[in-house]
Amino acid sequence: METRLELDVLIFPDEVRIVTPEELTEWELETASQVSIPTVRLFVALYPYNPAAMSPNYETAAEELPFVPGQIIKVSGDKDSDGFYHGESGGLSGYVPSNMVAEIPVDDEYLKHLLIQQGFLPVDHTELSNVASIPDDLVVRRMVALFDYDPWESSPNMDSEAELGFRSGDIMYALGEMDQDGFYYADLHGRRGLVPSNYLELLPWN
């Protein structure tokens, strides 16, 4: 029966010798210190962003992350030369324009975990322009569409242009309470309008 012995060796110009346990430990520590682990940071979206319509990079828009104001995005590493971070949110990952988000200064890992689970924060829009504000005390519900909805074909209202069309499986955010006609005012990838509650189902944050 053949027996094999594996040894770690150091190769020098004038000799080859077996590495001592101390030298091996020192080398492992030195190597570990040189490997940088990206720091996970949390950002909150300040503006609605739909890459297909808004991205400055037409060719790479499909690799970018869509989001709505208040959405929490987990970012690893620093922004690239084009000013984009790489982030994750809602089970999706992609590039995130740095001028559309703000960092949430959180050092506590458990608090980070809770914020990621929550998935959404009210946003203070006092310094933003051309963005409809979300008051801090507004109830925001995460909803998923059960059916396709085309306001022009299915709406019972005369002013159907105030409504949003959507497809089954779309995730949107209902801002506030349902009105007397059974409609929510919602945000879908940055588009806002009325949506019928009977086409939607509440989607938990976690």
# chains A, B, ... in the order shown; residues from 1 in each chain; ligands from 1
call {"tool": "residues_around", "arguments": {"residues": "Phe166 (chain A)", "least_positions_apart": "2", "cutoff": "7 Å", "atoms": "only C-alpha atoms", "output": "ChimeraX atom specification"}}
result
/A:148-150,164,168,170
call {"tool": "residues_around", "arguments": {"residues": "region 182-188 of chain A", "least_positions_apart": "6", "cutoff": "7 Å", "atoms": "only C-alpha atoms", "output": "PyMOL selection string"}}
result
chain A and resi 172-175+194-197
call {"tool": "closest_residue", "arguments": {"among": "A:Ala162, A:Leu200, A:Ala62, A:Val44", "to": "Pro105 (chain A)", "atoms": "only C-alpha atoms"}}
result
A:Val44
call {"tool": "atom_distance", "arguments": {"atom1": "CA of Gly193 (chain A)", "atom2": "CA of Leu121 (chain A)"}}
result
20.2 Å
call {"tool": "closest_residue", "arguments": {"among": "A:Ile18, A:Ala53, A:Ala45, A:Met178", "to": "Val68 (chain A)", "atoms": "only C-alpha atoms"}}
result
A:Ala45
call {"tool": "closest_residue", "arguments": {"among": "A:Met100, A:Leu146, A:Ala61, A:Ile72", "to": "Pro48 (chain A)", "atoms": "only C-alpha atoms"}}
result
A:Met100
call {"tool": "residues_around", "arguments": {"residues": "region 55-59 of chain A", "least_positions_apart": "5", "cutoff": "12 Å", "atoms": "only C-alpha atoms", "output": "ChimeraX atom specification"}}
result
/A:48-50,64-66,82-84,95-97,100
call {"tool": "write_last_selection", "arguments": {"atoms": "N, CA, C and O atoms", "output": "PDB file, in the first residue's frame"}}
result
ATOM      1  N   PRO A  48     -37.573  57.786  -6.618  1.00  0.00           N
ATOM      2  CA  PRO A  48     -37.942  56.584  -7.378  1.00  0.00           C
ATOM      3  C   PRO A  48     -36.960  56.395  -8.526  1.00  0.00           C
ATOM      4  O   PRO A  48     -36.514  57.369  -9.135  1.00  0.00           O
ATOM      5  N   TYR A  49     -36.604  55.154  -8.827  1.00  0.00           N
ATOM      6  CA  TYR A  49     -35.660  54.905  -9.915  1.00  0.00           C
ATOM      7  C   TYR A  49     -36.091  53.700 -10.729  1.00  0.00           C
ATOM      8  O   TYR A  49     -36.183  52.582 -10.223  1.00  0.00           O
ATOM      9  N   ASN A  50     -36.370  53.949 -11.996  1.00  0.00           N
ATOM     10  CA  ASN A  50     -36.724  52.901 -12.951  1.00  0.00           C
ATOM     11  C   ASN A  50     -35.637  52.883 -14.025  1.00  0.00           C
ATOM     12  O   ASN A  50     -35.632  53.736 -14.910  1.00  0.00           O
ATOM     13  N   GLU A  64     -29.139  47.189 -13.565  1.00  0.00           N
ATOM     14  CA  GLU A  64     -29.346  48.138 -12.476  1.00  0.00           C
ATOM     15  C   GLU A  64     -30.574  47.766 -11.651  1.00  0.00           C
ATOM     16  O   GLU A  64     -31.460  47.046 -12.115  1.00  0.00           O
ATOM     17  N   LEU A  65     -30.619  48.270 -10.422  1.00  0.00           N
ATOM     18  CA  LEU A  65     -31.656  47.908  -9.461  1.00  0.00           C
ATOM     19  C   LEU A  65     -32.760  48.967  -9.437  1.00  0.00           C
ATOM     20  O   LEU A  65     -32.483  50.136  -9.187  1.00  0.00           O
ATOM     21  N   PRO A  66     -34.018  48.588  -9.694  1.00  0.00           N
ATOM     22  CA  PRO A  66     -35.121  49.554  -9.556  1.00  0.00           C
ATOM     23  C   PRO A  66     -35.494  49.698  -8.077  1.00  0.00           C
ATOM     24  O   PRO A  66     -35.367  48.759  -7.309  1.00  0.00           O
ATOM     25  N   ASP A  82     -18.148  55.203 -12.263  1.00  0.00           N
ATOM     26  CA  ASP A  82     -19.341  55.842 -12.839  1.00  0.00           C
ATOM     27  C   ASP A  82     -20.303  56.355 -11.773  1.00  0.00           C
ATOM     28  O   ASP A  82     -21.383  56.860 -12.094  1.00  0.00           O
ATOM     29  N   GLY A  83     -19.923  56.186 -10.491  1.00  0.00           N
ATOM     30  CA  GLY A  83     -20.788  56.664  -9.418  1.00  0.00           C
ATOM     31  C   GLY A  83     -21.891  55.698  -9.036  1.00  0.00           C
ATOM     32  O   GLY A  83     -22.915  56.093  -8.484  1.00  0.00           O
ATOM     33  N   PHE A  84     -21.700  54.402  -9.292  1.00  0.00           N
ATOM     34  CA  PHE A  84     -22.700  53.382  -8.962  1.00  0.00           C
ATOM     35  C   PHE A  84     -22.169  52.447  -7.869  1.00  0.00           C
ATOM     36  O   PHE A  84     -20.995  52.070  -7.874  1.00  0.00           O
ATOM     37  N   TYR A  95     -26.824  47.374  -9.948  1.00  0.00           N
ATOM     38  CA  TYR A  95     -26.107  48.626  -9.717  1.00  0.00           C
ATOM     39  C   TYR A  95     -27.070  49.720  -9.273  1.00  0.00           C
ATOM     40  O   TYR A  95     -28.209  49.794  -9.732  1.00  0.00           O
ATOM     41  N   VAL A  96     -26.588  50.572  -8.359  1.00  0.00           N
ATOM     42  CA  VAL A  96     -27.409  51.612  -7.734  1.00  0.00           C
ATOM     43  C   VAL A  96     -26.722  52.968  -7.906  1.00  0.00           C
ATOM     44  O   VAL A  96     -25.577  53.130  -7.470  1.00  0.00           O
ATOM     45  N   PRO A  97     -27.389  53.962  -8.534  1.00  0.00           N
ATOM     46  CA  PRO A  97     -26.774  55.285  -8.692  1.00  0.00           C
ATOM     47  C   PRO A  97     -26.628  55.981  -7.339  1.00  0.00           C
ATOM     48  O   PRO A  97     -27.592  56.117  -6.592  1.00  0.00           O
ATOM     49  N   MET A 100     -28.896  58.889  -5.938  1.00  0.00           N
ATOM     50  CA  MET A 100     -30.317  58.654  -5.692  1.00  0.00           C
ATOM     51  C   MET A 100     -30.564  58.022  -4.332  1.00  0.00           C
ATOM     52  O   MET A 100     -31.703  57.716  -3.981  1.00  0.00           O
TER      53      MET A 100
END
call {"tool": "closest_residue", "arguments": {"among": "A:Ile116, A:Val106, A:Leu111, A:Leu46", "to": "Ile73 (chain A)", "atoms": "only C-alpha atoms"}}
result
A:Ile116
call {"tool": "atom_distance", "arguments": {"atom1": "CA of Gln71 (chain A)", "atom2": "CA of Asn99 (chain A)"}}
result
14.6 Å
call {"tool": "select_by_dssp", "arguments": {"residues": "region 166-204 of chain A", "states": "strand (DSSP E or B)", "output": "list in words"}}
result
Phe166, Ile171, Met172, Tyr173, Ala174, Leu175, Phe183, Tyr184, Tyr185, Ala186, Asp187, Leu188, Arg191, Arg192, Gly193, Leu194, Val195, Pro196, Leu200, Glu201 and Leu202 of chain A
call {"tool": "write_last_selection", "arguments": {"atoms": "N, CA, C and O atoms", "output": "mmCIF file, in the first residue's frame"}}
result
data_model
loop_
_atom_site.group_PDB
_atom_site.id
_atom_site.type_symbol
_atom_site.label_atom_id
_atom_site.label_comp_id
_atom_site.auth_asym_id
_atom_site.auth_seq_id
_atom_site.Cartn_x
_atom_site.Cartn_y
_atom_site.Cartn_z
ATOM 1 N N PHE A 166 -50.884 47.657 -14.260
ATOM 2 C CA PHE A 166 -49.836 46.772 -13.756
ATOM 3 C C PHE A 166 -50.100 45.356 -14.227
ATOM 4 O O PHE A 166 -51.151 45.048 -14.791
ATOM 5 N N ILE A 171 -44.809 44.136 -7.722
ATOM 6 C CA ILE A 171 -44.809 44.539 -6.311
ATOM 7 C C ILE A 171 -44.858 46.060 -6.245
ATOM 8 O O ILE A 171 -44.106 46.741 -6.934
ATOM 9 N N MET A 172 -45.776 46.583 -5.438
ATOM 10 C CA MET A 172 -45.934 48.033 -5.313
ATOM 11 C C MET A 172 -46.120 48.401 -3.854
ATOM 12 O O MET A 172 -46.280 47.527 -2.991
ATOM 13 N N TYR A 173 -46.079 49.694 -3.586
ATOM 14 C CA TYR A 173 -46.210 50.189 -2.218
ATOM 15 C C TYR A 173 -47.444 51.082 -2.122
ATOM 16 O O TYR A 173 -47.509 52.117 -2.788
ATOM 17 N N ALA A 174 -48.427 50.645 -1.321
ATOM 18 C CA ALA A 174 -49.644 51.428 -1.106
ATOM 19 C C ALA A 174 -49.348 52.480 -0.044
ATOM 20 O O ALA A 174 -48.921 52.155 1.065
ATOM 21 N N LEU A 175 -49.564 53.750 -0.392
ATOM 22 C CA LEU A 175 -49.228 54.864 0.493
ATOM 23 C C LEU A 175 -50.504 55.377 1.156
ATOM 24 O O LEU A 175 -51.302 56.067 0.534
ATOM 25 N N PHE A 183 -59.846 51.928 -3.603
ATOM 26 C CA PHE A 183 -58.572 52.132 -4.294
ATOM 27 C C PHE A 183 -57.507 52.615 -3.310
ATOM 28 O O PHE A 183 -57.794 53.381 -2.391
ATOM 29 N N TYR A 184 -56.284 52.147 -3.516
ATOM 30 C CA TYR A 184 -55.122 52.681 -2.813
ATOM 31 C C TYR A 184 -54.403 53.659 -3.732
ATOM 32 O O TYR A 184 -54.471 53.539 -4.969
ATOM 33 N N TYR A 185 -53.675 54.604 -3.129
ATOM 34 C CA TYR A 185 -52.719 55.419 -3.884
ATOM 35 C C TYR A 185 -51.378 54.718 -3.719
ATOM 36 O O TYR A 185 -50.923 54.491 -2.596
ATOM 37 N N ALA A 186 -50.750 54.316 -4.824
ATOM 38 C CA ALA A 186 -49.582 53.439 -4.742
ATOM 39 C C ALA A 186 -48.429 53.917 -5.608
ATOM 40 O O ALA A 186 -48.602 54.727 -6.526
ATOM 41 N N ASP A 187 -47.268 53.382 -5.293
ATOM 42 C CA ASP A 187 -46.032 53.653 -6.042
ATOM 43 C C ASP A 187 -45.564 52.343 -6.657
ATOM 44 O O ASP A 187 -45.380 51.343 -5.957
ATOM 45 N N LEU A 188 -45.387 52.344 -7.971
ATOM 46 C CA LEU A 188 -44.904 51.169 -8.700
ATOM 47 C C LEU A 188 -43.699 51.588 -9.532
ATOM 48 O O LEU A 188 -43.840 52.269 -10.547
ATOM 49 N N ARG A 191 -43.674 55.165 -10.544
ATOM 50 C CA ARG A 191 -44.939 55.693 -11.079
ATOM 51 C C ARG A 191 -45.975 55.656 -9.964
ATOM 52 O O ARG A 191 -46.065 54.687 -9.217
ATOM 53 N N ARG A 192 -46.770 56.705 -9.845
ATOM 54 C CA ARG A 192 -47.764 56.756 -8.769
ATOM 55 C C ARG A 192 -49.165 56.991 -9.315
ATOM 56 O O ARG A 192 -49.337 57.720 -10.288
ATOM 57 N N GLY A 193 -50.117 56.353 -8.668
ATOM 58 C CA GLY A 193 -51.502 56.518 -9.079
ATOM 59 C C GLY A 193 -52.399 55.613 -8.255
ATOM 60 O O GLY A 193 -51.953 54.939 -7.323
ATOM 61 N N LEU A 194 -53.666 55.575 -8.621
ATOM 62 C CA LEU A 194 -54.654 54.765 -7.896
ATOM 63 C C LEU A 194 -54.639 53.327 -8.408
ATOM 64 O O LEU A 194 -54.506 53.093 -9.620
ATOM 65 N N VAL A 195 -54.784 52.376 -7.477
ATOM 66 C CA VAL A 195 -54.818 50.954 -7.844
ATOM 67 C C VAL A 195 -55.969 50.288 -7.098
ATOM 68 O O VAL A 195 -56.228 50.592 -5.935
ATOM 69 N N PRO A 196 -56.708 49.372 -7.744
ATOM 70 C CA PRO A 196 -57.857 48.719 -7.095
ATOM 71 C C PRO A 196 -57.405 47.678 -6.080
ATOM 72 O O PRO A 196 -56.606 46.790 -6.404
ATOM 73 N N LEU A 200 -55.158 43.200 -5.541
ATOM 74 C CA LEU A 200 -53.895 43.148 -4.807
ATOM 75 C C LEU A 200 -53.996 42.246 -3.576
ATOM 76 O O LEU A 200 -55.087 41.957 -3.090
ATOM 77 N N GLU A 201 -52.822 41.849 -3.112
ATOM 78 C CA GLU A 201 -52.739 41.095 -1.861
ATOM 79 C C GLU A 201 -51.586 41.658 -1.043
ATOM 80 O O GLU A 201 -50.526 42.000 -1.597
ATOM 81 N N LEU A 202 -51.790 41.756 0.268
ATOM 82 C CA LEU A 202 -50.748 42.277 1.150
ATOM 83 C C LEU A 202 -49.548 41.334 1.135
ATOM 84 O O LEU A 202 -49.681 40.115 1.240
#
call {"tool": "atom_distance", "arguments": {"atom1": "CA of Glu88 (chain A)", "atom2": "CA of Glu63 (chain A)"}}
result
11.7 Å
call {"tool": "closest_residue", "arguments": {"among": "A:Glu103, A:Gly165, A:Gln117, A:Phe147", "to": "His189 (chain A)", "atoms": "only C-alpha atoms"}}
result
A:Gly165
call {"tool": "closest_residue", "arguments": {"among": "A:Ser98, A:Ser155, A:Ser76, A:Gln180", "to": "Arg41 (chain A)", "atoms": "only C-alpha atoms"}}
result
A:Ser76
